[in-house]
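Student: For reference, the structure I am asking about is given below.
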Amino acid sequence: MPEKKEKFYLTTPIYYTNGLPHIGHTYTTVVADVFRRYKRMRGYDVVMTTGTDEHGVNVERAAQKAGVPESEYVARMADAWRSLWDELGLTADEFVRTTDLQHVRTVQWLFKLCRENGFVYKGHYTGQYCIYDNAFVNDAKPGDNCPDCGRPTETLTEENYFFKLSAFQKPLLDFYKKNPDFIQPESRRNEIMSFVEGGLKDLSITRTTIRWGIPVPGEEPHVFYVWFDALTAYLSAVGGPDYEKRGMWPADLHLVGKDIIRFHTVYWPAFLMAAMLPLPKQVWAHGWFLMDATKMSKSKGNVVLPRPIVNMLGMDALRYFLLREVVFGQDGNFSYDALVTRYNSDLANGLGNLASRTAAMIEKNFAGKIPKPAEHKQQDAALAKEAQAAIGEVLERYEKMEFARALEAIWAVIASVDKYLTTEQPWALGDSEAEKQRKATVLWTSAEVLRIVTMLAHPVLPQSTDKVWALLGQTTSLGAFALDGLRWGQLAPGTSLGKSQSLFPRVDKVEAVERIESMANEELNPTQPAPAAATPAPATTPTAGAAAAAASVAAPERIGIEDFSKVEMRVGQIKTAERIVGADKLLKLTVDIGSEVRQICAGIAQFYEPESLIGRKVVVVTNLAPRKLRGVESNGMIVAASVGPDGRPVLAGFHEDVEVGARLK
Ligand code: ME8
């Protein structure tokens with residue numbers, strides 16, 4: 001009988017459905033996926049859960065705005081989230097929706113247990129409520145803004161069911177003391193301990209002012225407070241009331257951002273204690289990815305989206321950057337520039353280059369078969385020692401969630417083998433028996449280092465390491481390989497190399513950033529026709545899915561004439577046209593639209609010579625809000641057809657003479 005594997009259950013937050021995933025949500029989900037893969041490679045039976053948090057007043061309002069019932073709105077949004085995760089290769093083992101019947105049952109069951117155990121009572125509550133964070137703001141006065149999001153609070157009085165949170169001050173503090181690893185990192189643990197030491201107020205856990213929520217059985221119109229509802233999703237995902245059958249509860253790890261640590265380390269364990277259910281083992285709160293030093297939010301318009309990055313550089317590049325750039329737990333700034341720099345230096349020139357040059361030399365000198373090493377010299381042994389030591393260090397770093405350090409250690413070995421190759425110069429060795437033997441040793445050693453770094457990097461770079469694995473002629477599944485069995489020296493001579501594949505093609509930084517920004521612009525403004533400035537995405541990953549679903553929530557397929565008439569299009573005549581330095585796809589035009597001459601940027605530089613455009617009559621969308629493209633203001637948009645698989649722009653025009661300024665209807 002094979003030994004039963006130890007279980008490991010980890011979760012991401014379940015995300016709100018009133019927006020679509022940005023890089024912050026992607027970050028938490030990537031970390032969960034990395035840790036899941038890592039734990040599987042350490043022999044655990046792992047389950048990872050993510051999902052969508054679908055109740056509350058924000059959803060009520062968003063559905064109203066979209067003109068659809070809440071159930072339809074959340075179904076579309078949940079689909080959009082799910083398909084984006086699928087597209088990014090981040091499919092969780094369980095995707096829980098808070099509108100799932102199983103979840104509804106679990107929330108009602110948890111409430112029943114808390115009530116039966118004497119921790120729930122009825123009362124009235126008046127307070128300042130933040131509808132954006134779905135929380136009463138403690139100690140706020142009317143007129144105060146929410147301390148978390150800075151937006152105005154509303155005064156609410158409700159008949160509520162209260163949860164006796166105050167009764168859990170001591171049990172929680174005892175629990176934190178007994179389980180010093182429960183809250184990570186340490187700084188958050190201190191913060192939460194002092195919060196709880198300051199005293200806990202009872203918490204209202206039902207609402208009567210909200211319609212769109214899980215009903216409290218027999219107590220309508222009470223619905224559950226969104227956090228009582230949402231946190232329970234972790235339990236409903238693995239069996240709910242029947243959790244014992246599945247054997248996954250309690251969770252081993254809740255991964256969250258620092259914004260929601262209190263809910264996870266104070267409320268959630270208190271609810272579970274009240275229900276006498278097992279408590280999660282650890283909550284890890286990471287920092288924020290910031291844009292221009294502030295937290296990203298769609299309302300501020302400073303969000304970074306994952307899809308344009310993935311379309312340009314691949315998912316592994318994004319995963320690598322997110323984990324390598326910022327120490328897990330701390331805040332970090334997101335910058336496209338840093339992303340592309342890391343891509344070129346660490347992935348293209350680092351791992352990619354090592355794989356392709358090693359394979360090419362084995363191909364050329366040993367007919368594509370891993371050579372048999374001969375006598376080891378001191379420098380070979382030194383490299384072997386370093387790689388062997390890195391195995392232990394990397395595993396330890398992963399285990400402690402020190403991802404940046406784990407990657408640093410792997411890339412230090414890559415740097416060493418690069419240096420080794422430069423010193424040993426296998427390409428300069430001749431064909432005498434002694435030199436051939438030396439060549440075999442050097443190339444086997446390099447390939448063995450490549451095999452080891454490939455395995456160690458697999459949790460972070462699953463797609464590209466699979467390619468390197470196949471290149472090394474390995475036929476077993478890399479993800480199923482037990483990292484605990486990894487040792488120096490296991491690469492079998494005689495193995496035939498697989499086909500070489502492109503791993504991380506080098507990119508031009510300015511061009512790559514421009515393309516990512518342009519794709520992001522289009523995705524963020526789906527109802528606004530893309531300017532002819534848009535450059536088509538290279539088709540490396542399927543696109544559309546989630547964006548289309550989101551767009552269809554915001555914009556029904558057909559529009560009335562009144563909507564069409566909101567778009568003002570006029571005949572314009574191009575007066576000047578010039579290229580823009582640093583933006584090889586854009587032209588800066590001045591266009592006479594009858595009433596004035598406008599400056600407009602158009603992404604047609606690769607298809608039209610500037611001089612050929614002077615005097616040409618074109619169609620201009622004149623009432624678009626001005627925006628900057630590559631730093632140049634664009635006040636309007638030139639209409640073009642997008643033709644062929646590469647989306648070549650063809651300017652719309654007229655076969656008859658038309659007056660400049662005439663409106664299109
Ligand atoms: O809070 N940087 O959902 P949410 C890093 N539904 N991580 C970020 C981030 C950023 N700029 N922005 C978001 C909710 N995140 C609740 C959770 S759980 C029972 C209910 C990540 O859609 C981070 O993990 O607002 C944060 O905690 C989470 O997204 C918030 O997602």
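To be explicit about the labels: the chains of the structure tokens are called A, B, and onward in the order shown, and within each one the residues are counted from 1, while ligands get numbers from 1 in the order they are shown.
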Do a neighbour search on Met637 of chain A at 12 Å with only C-alpha atoms, toss out local chain neighbours closer than 4 positions, and write the hits as a PDB file with N, CA and C atoms, in the first residue's frame.
Tutor:
```pdb
ATOM      1  N   GLN A 528     -14.903  52.045 -25.525  1.00  0.00           N
ATOM      2  CA  GLN A 528     -14.370  53.117 -26.354  1.00  0.00           C
ATOM      3  C   GLN A 528     -13.609  52.459 -27.494  1.00  0.00           C
ATOM      4  N   PRO A 529     -13.988  52.699 -28.744  1.00  0.00           N
ATOM      5  CA  PRO A 529     -13.272  52.018 -29.807  1.00  0.00           C
ATOM      6  C   PRO A 529     -11.791  52.333 -29.716  1.00  0.00           C
ATOM      7  N   ALA A 530     -10.956  51.308 -29.911  1.00  0.00           N
ATOM      8  CA  ALA A 530      -9.521  51.526 -29.796  1.00  0.00           C
ATOM      9  C   ALA A 530      -9.075  52.508 -30.846  1.00  0.00           C
ATOM     10  N   PRO A 531      -8.160  53.416 -30.490  1.00  0.00           N
ATOM     11  CA  PRO A 531      -7.697  54.330 -31.510  1.00  0.00           C
ATOM     12  C   PRO A 531      -6.929  53.551 -32.556  1.00  0.00           C
ATOM     13  N   ALA A 532      -6.826  54.123 -33.747  1.00  0.00           N
ATOM     14  CA  ALA A 532      -6.023  53.450 -34.748  1.00  0.00           C
ATOM     15  C   ALA A 532      -4.606  53.271 -34.212  1.00  0.00           C
ATOM     16  N   ALA A 533      -4.319  53.927 -33.066  1.00  0.00           N
ATOM     17  CA  ALA A 533      -3.016  53.793 -32.430  1.00  0.00           C
ATOM     18  C   ALA A 533      -2.750  52.391 -31.914  1.00  0.00           C
ATOM     19  N   ALA A 534      -3.819  51.613 -31.706  1.00  0.00           N
ATOM     20  CA  ALA A 534      -3.633  50.313 -31.078  1.00  0.00           C
ATOM     21  C   ALA A 534      -2.795  49.401 -31.946  1.00  0.00           C
ATOM     22  N   VAL A 567     -21.762  59.383 -30.168  1.00  0.00           N
ATOM     23  CA  VAL A 567     -20.433  59.425 -30.783  1.00  0.00           C
ATOM     24  C   VAL A 567     -20.459  60.442 -31.920  1.00  0.00           C
ATOM     25  N   GLU A 568     -19.618  61.460 -31.791  1.00  0.00           N
ATOM     26  CA  GLU A 568     -19.592  62.463 -32.863  1.00  0.00           C
ATOM     27  C   GLU A 568     -18.430  62.156 -33.806  1.00  0.00           C
ATOM     28  N   MET A 569     -18.781  61.922 -35.069  1.00  0.00           N
ATOM     29  CA  MET A 569     -17.731  61.674 -36.061  1.00  0.00           C
ATOM     30  C   MET A 569     -17.829  62.734 -37.151  1.00  0.00           C
ATOM     31  N   ARG A 570     -16.683  63.266 -37.536  1.00  0.00           N
ATOM     32  CA  ARG A 570     -16.688  64.317 -38.552  1.00  0.00           C
ATOM     33  C   ARG A 570     -15.617  64.042 -39.595  1.00  0.00           C
ATOM     34  N   VAL A 571     -15.796  64.677 -40.733  1.00  0.00           N
ATOM     35  CA  VAL A 571     -14.777  64.578 -41.769  1.00  0.00           C
ATOM     36  C   VAL A 571     -13.635  65.522 -41.393  1.00  0.00           C
ATOM     37  N   GLY A 572     -12.442  64.994 -41.392  1.00  0.00           N
ATOM     38  CA  GLY A 572     -11.282  65.829 -41.092  1.00  0.00           C
ATOM     39  C   GLY A 572     -10.275  65.767 -42.229  1.00  0.00           C
ATOM     40  N   LEU A 587       1.923  57.922 -35.159  1.00  0.00           N
ATOM     41  CA  LEU A 587       2.150  59.170 -35.894  1.00  0.00           C
ATOM     42  C   LEU A 587       1.424  60.280 -35.158  1.00  0.00           C
ATOM     43  N   LYS A 588       2.048  61.454 -35.144  1.00  0.00           N
ATOM     44  CA  LYS A 588       1.376  62.625 -34.570  1.00  0.00           C
ATOM     45  C   LYS A 588       0.815  63.417 -35.740  1.00  0.00           C
ATOM     46  N   LEU A 589      -0.505  63.620 -35.729  1.00  0.00           N
ATOM     47  CA  LEU A 589      -1.153  64.309 -36.850  1.00  0.00           C
ATOM     48  C   LEU A 589      -1.769  65.603 -36.354  1.00  0.00           C
ATOM     49  N   THR A 590      -1.873  66.595 -37.254  1.00  0.00           N
ATOM     50  CA  THR A 590      -2.809  67.692 -36.975  1.00  0.00           C
ATOM     51  C   THR A 590      -3.891  67.589 -38.040  1.00  0.00           C
ATOM     52  N   VAL A 591      -5.134  67.692 -37.555  1.00  0.00           N
ATOM     53  CA  VAL A 591      -6.262  67.427 -38.440  1.00  0.00           C
ATOM     54  C   VAL A 591      -7.258  68.582 -38.351  1.00  0.00           C
ATOM     55  N   ILE A 593     -10.830  69.828 -38.479  1.00  0.00           N
ATOM     56  CA  ILE A 593     -12.169  69.232 -38.442  1.00  0.00           C
ATOM     57  C   ILE A 593     -13.253  70.292 -38.696  1.00  0.00           C
ATOM     58  N   ARG A 598      -7.077  69.906 -34.749  1.00  0.00           N
ATOM     59  CA  ARG A 598      -6.789  69.067 -33.584  1.00  0.00           C
ATOM     60  C   ARG A 598      -5.461  68.318 -33.727  1.00  0.00           C
ATOM     61  N   GLN A 599      -4.819  68.041 -32.570  1.00  0.00           N
ATOM     62  CA  GLN A 599      -3.674  67.119 -32.601  1.00  0.00           C
ATOM     63  C   GLN A 599      -4.178  65.718 -32.226  1.00  0.00           C
ATOM     64  N   ILE A 600      -3.886  64.762 -33.075  1.00  0.00           N
ATOM     65  CA  ILE A 600      -4.373  63.393 -32.844  1.00  0.00           C
ATOM     66  C   ILE A 600      -3.222  62.411 -33.086  1.00  0.00           C
ATOM     67  N   CYS A 601      -3.094  61.414 -32.203  1.00  0.00           N
ATOM     68  CA  CYS A 601      -2.088  60.365 -32.432  1.00  0.00           C
ATOM     69  C   CYS A 601      -2.783  59.149 -33.038  1.00  0.00           C
ATOM     70  N   ALA A 602      -2.142  58.517 -33.981  1.00  0.00           N
ATOM     71  CA  ALA A 602      -2.721  57.330 -34.604  1.00  0.00           C
ATOM     72  C   ALA A 602      -1.655  56.255 -34.739  1.00  0.00           C
ATOM     73  N   GLY A 603      -2.044  55.023 -34.445  1.00  0.00           N
ATOM     74  CA  GLY A 603      -1.073  53.912 -34.483  1.00  0.00           C
ATOM     75  C   GLY A 603      -0.938  53.321 -35.876  1.00  0.00           C
ATOM     76  N   ILE A 604      -0.544  54.151 -36.810  1.00  0.00           N
ATOM     77  CA  ILE A 604      -0.512  53.702 -38.204  1.00  0.00           C
ATOM     78  C   ILE A 604       0.881  53.872 -38.815  1.00  0.00           C
ATOM     79  N   VAL A 618     -10.200  62.108 -43.767  1.00  0.00           N
ATOM     80  CA  VAL A 618     -10.399  60.933 -42.926  1.00  0.00           C
ATOM     81  C   VAL A 618     -11.606  61.133 -42.020  1.00  0.00           C
ATOM     82  N   VAL A 619     -12.005  60.056 -41.347  1.00  0.00           N
ATOM     83  CA  VAL A 619     -13.108  60.150 -40.387  1.00  0.00           C
ATOM     84  C   VAL A 619     -12.508  60.296 -38.988  1.00  0.00           C
ATOM     85  N   VAL A 620     -12.992  61.321 -38.265  1.00  0.00           N
ATOM     86  CA  VAL A 620     -12.435  61.594 -36.938  1.00  0.00           C
ATOM     87  C   VAL A 620     -13.536  61.485 -35.883  1.00  0.00           C
ATOM     88  N   VAL A 621     -13.288  60.714 -34.811  1.00  0.00           N
ATOM     89  CA  VAL A 621     -14.196  60.755 -33.666  1.00  0.00           C
ATOM     90  C   VAL A 621     -13.774  61.979 -32.859  1.00  0.00           C
ATOM     91  N   THR A 622     -14.682  62.963 -32.779  1.00  0.00           N
ATOM     92  CA  THR A 622     -14.257  64.256 -32.244  1.00  0.00           C
ATOM     93  C   THR A 622     -14.615  64.472 -30.783  1.00  0.00           C
ATOM     94  N   ASN A 623     -15.498  63.620 -30.225  1.00  0.00           N
ATOM     95  CA  ASN A 623     -15.882  63.901 -28.834  1.00  0.00           C
ATOM     96  C   ASN A 623     -15.330  62.882 -27.837  1.00  0.00           C
ATOM     97  N   LEU A 624     -14.210  62.270 -28.178  1.00  0.00           N
ATOM     98  CA  LEU A 624     -13.525  61.411 -27.204  1.00  0.00           C
ATOM     99  C   LEU A 624     -12.759  62.294 -26.227  1.00  0.00           C
ATOM    100  N   ALA A 625     -12.720  61.849 -24.953  1.00  0.00           N
ATOM    101  CA  ALA A 625     -11.918  62.614 -23.995  1.00  0.00           C
ATOM    102  C   ALA A 625     -10.458  62.569 -24.449  1.00  0.00           C
ATOM    103  N   PRO A 626      -9.735  63.679 -24.359  1.00  0.00           N
ATOM    104  CA  PRO A 626      -8.328  63.648 -24.767  1.00  0.00           C
ATOM    105  C   PRO A 626      -7.549  62.676 -23.892  1.00  0.00           C
ATOM    106  N   ARG A 627      -6.547  62.049 -24.428  1.00  0.00           N
ATOM    107  CA  ARG A 627      -5.673  61.227 -23.597  1.00  0.00           C
ATOM    108  C   ARG A 627      -4.255  61.254 -24.155  1.00  0.00           C
ATOM    109  N   LYS A 628      -3.335  60.790 -23.306  1.00  0.00           N
ATOM    110  CA  LYS A 628      -1.938  60.830 -23.730  1.00  0.00           C
ATOM    111  C   LYS A 628      -1.508  59.461 -24.225  1.00  0.00           C
ATOM    112  N   LEU A 629      -0.859  59.413 -25.369  1.00  0.00           N
ATOM    113  CA  LEU A 629      -0.300  58.175 -25.877  1.00  0.00           C
ATOM    114  C   LEU A 629       1.201  58.389 -25.960  1.00  0.00           C
ATOM    115  N   GLU A 633      -0.258  64.220 -26.263  1.00  0.00           N
ATOM    116  CA  GLU A 633      -1.708  64.371 -26.144  1.00  0.00           C
ATOM    117  C   GLU A 633      -2.396  64.043 -27.459  1.00  0.00           C
ATOM    118  N   LEU A 651      -7.294  53.218 -43.269  1.00  0.00           N
ATOM    119  CA  LEU A 651      -8.046  54.423 -42.922  1.00  0.00           C
ATOM    120  C   LEU A 651      -9.372  54.493 -43.664  1.00  0.00           C
ATOM    121  N   ALA A 652     -10.438  54.842 -42.925  1.00  0.00           N
ATOM    122  CA  ALA A 652     -11.734  55.038 -43.573  1.00  0.00           C
ATOM    123  C   ALA A 652     -11.672  56.342 -44.370  1.00  0.00           C
TER     124      ALA A 652
END
```
Student: Contacts of Thr26 of chain A at 10 Å or less, counting only C-alpha atoms, minus same-chain residues fewer than 2 places along, as a ChimeraX atom specification?
Tutor: /A:21-24,28-32,84-85,88,90,305-306,318-319,322
Student: Write the residues of the selection above to a file with all heavy atoms, as a tab-separated table (two decimals), in the first residue's frame.
Tutor:
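Result saved to out_28.tsv:
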```tsv
chain	number	residue	atom	x	y	z
A	21	PRO	N	-10.06	41.14	-12.41
A	21	PRO	CA	-8.76	40.97	-11.76
A	21	PRO	C	-7.70	41.91	-12.29
A	21	PRO	O	-7.55	42.07	-13.49
A	21	PRO	CB	-8.36	39.53	-12.12
A	21	PRO	CG	-9.53	38.90	-12.72
A	21	PRO	CD	-10.49	39.94	-13.12
A	22	HIS	N	-6.97	42.54	-11.37
A	22	HIS	CA	-5.79	43.29	-11.79
A	22	HIS	C	-4.57	42.59	-11.22
A	22	HIS	O	-4.66	41.48	-10.68
A	22	HIS	CB	-5.90	44.77	-11.44
A	22	HIS	CG	-6.06	45.09	-9.99
A	22	HIS	ND1	-5.14	44.71	-9.05
A	22	HIS	CD2	-7.03	45.76	-9.31
A	22	HIS	CE1	-5.52	45.14	-7.85
A	22	HIS	NE2	-6.68	45.77	-7.99
A	23	ILE	N	-3.44	43.25	-11.32
A	23	ILE	CA	-2.19	42.57	-10.98
A	23	ILE	C	-2.13	42.22	-9.48
A	23	ILE	O	-1.48	41.24	-9.10
A	23	ILE	CB	-0.99	43.46	-11.41
A	23	ILE	CG1	0.13	42.58	-11.91
A	23	ILE	CG2	-0.53	44.36	-10.34
A	23	ILE	CD1	-0.10	42.02	-13.24
A	24	GLY	N	-2.84	43.00	-8.65
A	24	GLY	CA	-2.87	42.69	-7.21
A	24	GLY	C	-3.53	41.35	-6.94
A	24	GLY	O	-2.99	40.50	-6.21
A	28	THR	N	-1.70	37.50	-5.57
A	28	THR	CA	-2.07	36.52	-4.53
A	28	THR	C	-2.31	35.15	-5.16
A	28	THR	O	-1.90	34.12	-4.62
A	28	THR	CB	-3.35	36.97	-3.80
A	28	THR	OG1	-3.27	38.37	-3.55
A	28	THR	CG2	-3.53	36.23	-2.50
A	29	THR	N	-2.98	35.14	-6.30
A	29	THR	CA	-3.32	33.86	-6.93
A	29	THR	C	-2.07	33.18	-7.47
A	29	THR	O	-1.94	31.96	-7.40
A	29	THR	CB	-4.39	34.08	-8.01
A	29	THR	OG1	-5.43	34.89	-7.45
A	29	THR	CG2	-4.99	32.78	-8.49
A	30	VAL	N	-1.13	33.96	-8.00
A	30	VAL	CA	0.14	33.39	-8.47
A	30	VAL	C	0.90	32.77	-7.29
A	30	VAL	O	1.39	31.64	-7.37
A	30	VAL	CB	1.01	34.46	-9.17
A	30	VAL	CG1	2.47	34.02	-9.23
A	30	VAL	CG2	0.49	34.74	-10.57
A	31	VAL	N	0.97	33.50	-6.19
A	31	VAL	CA	1.68	32.97	-5.03
A	31	VAL	C	1.04	31.65	-4.58
A	31	VAL	O	1.74	30.66	-4.30
A	31	VAL	CB	1.67	33.99	-3.86
A	31	VAL	CG1	2.21	33.35	-2.59
A	31	VAL	CG2	2.50	35.20	-4.23
A	32	ALA	N	-0.29	31.63	-4.56
A	32	ALA	CA	-0.97	30.39	-4.15
A	32	ALA	C	-0.62	29.26	-5.12
A	32	ALA	O	-0.34	28.14	-4.71
A	32	ALA	CB	-2.48	30.62	-4.12
A	84	LEU	N	-10.46	34.08	-16.78
A	84	LEU	CA	-9.15	34.74	-16.77
A	84	LEU	C	-8.13	33.86	-16.04
A	84	LEU	O	-7.01	33.67	-16.50
A	84	LEU	CB	-9.19	36.13	-16.14
A	84	LEU	CG	-7.81	36.78	-16.28
A	84	LEU	CD1	-7.58	37.33	-17.68
A	84	LEU	CD2	-7.56	37.86	-15.27
A	85	TRP	N	-8.54	33.29	-14.92
A	85	TRP	CA	-7.60	32.39	-14.20
A	85	TRP	C	-7.21	31.21	-15.09
A	85	TRP	O	-6.05	30.81	-15.13
A	85	TRP	CB	-8.18	31.90	-12.88
A	85	TRP	CG	-8.41	32.94	-11.82
A	85	TRP	CD1	-9.44	32.96	-10.93
A	85	TRP	CD2	-7.61	34.10	-11.49
A	85	TRP	NE1	-9.33	34.05	-10.09
A	85	TRP	CE2	-8.22	34.76	-10.41
A	85	TRP	CE3	-6.44	34.63	-12.02
A	85	TRP	CZ2	-7.70	35.92	-9.83
A	85	TRP	CZ3	-5.92	35.81	-11.45
A	85	TRP	CH2	-6.55	36.44	-10.37
A	88	LEU	N	-4.72	32.26	-17.61
A	88	LEU	CA	-3.40	32.52	-17.05
A	88	LEU	C	-2.76	31.26	-16.46
A	88	LEU	O	-1.70	31.32	-15.85
A	88	LEU	CB	-3.48	33.59	-15.95
A	88	LEU	CG	-4.02	34.96	-16.36
A	88	LEU	CD1	-4.01	35.92	-15.18
A	88	LEU	CD2	-3.23	35.57	-17.52
A	90	LEU	N	-3.96	29.53	-14.00
A	90	LEU	CA	-4.10	29.60	-12.54
A	90	LEU	C	-5.40	28.94	-12.08
A	90	LEU	O	-6.07	29.44	-11.16
A	90	LEU	CB	-4.05	31.06	-12.07
A	90	LEU	CG	-2.74	31.80	-12.30
A	90	LEU	CD1	-2.89	33.29	-12.01
A	90	LEU	CD2	-1.64	31.22	-11.41
A	305	LEU	N	-3.04	45.50	-15.60
A	305	LEU	CA	-3.78	44.28	-15.93
A	305	LEU	C	-2.81	43.17	-16.33
A	305	LEU	O	-1.77	43.43	-16.94
A	305	LEU	CB	-4.72	44.55	-17.12
A	305	LEU	CG	-5.76	45.64	-16.89
A	305	LEU	CD1	-6.57	45.86	-18.16
A	305	LEU	CD2	-6.69	45.24	-15.75
A	306	PRO	N	-3.18	41.93	-15.98
A	306	PRO	CA	-2.25	40.84	-16.30
A	306	PRO	C	-2.20	40.47	-17.78
A	306	PRO	O	-1.14	40.16	-18.31
A	306	PRO	CB	-2.79	39.66	-15.49
A	306	PRO	CG	-4.22	39.99	-15.20
A	306	PRO	CD	-4.32	41.48	-15.17
A	318	LEU	N	5.62	37.06	-16.06
A	318	LEU	CA	4.87	37.80	-15.05
A	318	LEU	C	5.04	37.15	-13.68
A	318	LEU	O	5.30	37.82	-12.67
A	318	LEU	CB	3.39	37.88	-15.44
A	318	LEU	CG	2.48	38.56	-14.43
A	318	LEU	CD1	2.91	39.99	-14.15
A	318	LEU	CD2	1.02	38.56	-14.91
A	319	ARG	N	4.92	35.83	-13.64
A	319	ARG	CA	5.08	35.12	-12.37
A	319	ARG	C	6.45	35.40	-11.77
A	319	ARG	O	6.58	35.69	-10.58
A	319	ARG	CB	4.93	33.60	-12.59
A	319	ARG	CG	3.55	33.17	-13.02
A	319	ARG	CD	3.56	31.72	-13.50
A	319	ARG	NE	3.78	30.79	-12.42
A	319	ARG	CZ	2.85	30.01	-11.85
A	319	ARG	NH1	1.61	30.06	-12.30
A	319	ARG	NH2	3.13	29.19	-10.87
A	322	LEU	N	6.72	39.04	-10.43
A	322	LEU	CA	5.96	39.29	-9.21
A	322	LEU	C	6.68	38.72	-7.98
A	322	LEU	O	6.70	39.34	-6.92
A	322	LEU	CB	4.56	38.68	-9.31
A	322	LEU	CG	3.61	39.33	-10.31
A	322	LEU	CD1	2.30	38.56	-10.39
A	322	LEU	CD2	3.33	40.79	-9.95
```
Student: Taking only C-alpha atoms and all ligand atoms into account, report as a PyMOL selection string which residues have an atom no farther than 9 Å from an atom of ligand 1.
Tutor: chain A and resi 12-29+51-54+133+226-234+255-261+263-264+268+285-291+294-297+303+331-332
Student: Name all residues at most 10 Å from Phe163 of chain A (count only C-alpha atoms; drop same-chain ones fewer than 6 positions away) and give them as an MDAnalysis selection string.
Tutor: chainID A and resid 111 114:115 118:122 201:206 228 267 270:271 274
Student: If we count only C-alpha atoms and set the cut-off at 7 Å, which residues sit around Tyr125 of chain A, ignoring sequence neighbours fewer than 2 positions away in its own chain? Please answer as a list of chain:residue names.
Tutor: A:Gly123, A:Gly127, A:Thr157, A:Glu158, A:Glu159, A:Asn160
Student: If you run DSSP on the backbone, which residues of segment 13-91 of chain A are strand (DSSP E), as number ranges by chain?
Tutor: A: 13-16, 45-53
Student: Take atom CA of Val104 of chain A and atom CA of Val283 of chain A and report the distance between them in Å, one decimal.
Tutor: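 Between atom CA of Val104 of chain A and atom CA of Val283 of chain A the gap works out to 23.9 Å.
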Student: To one decimal place in Å, what is the distance between atom CA of Val310 of chain A and atom CA of Leu339 of chain A?
Tutor: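 Taking atom CA of Val310 of chain A and atom CA of Leu339 of chain A, their separation equals 11.5 Å.
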Student: Enumerate the residues of segment 147-326 of chain A with a DSSP assignment of helix (DSSP H, G or I), computed from the backbone, and present them as number ranges by chain.
Tutor: A: 165-178, 186-197, 226-231, 233-236, 240-246, 258-274, 298-300, 306-313, 315-325
Student: For a quick check of understanding, using only C-alpha atoms, which of A:Trp488, A:Tyr176, A:Trp212, A:Phe481 has the smallest distance to Asp466 of chain A?
Tutor: A:Phe481
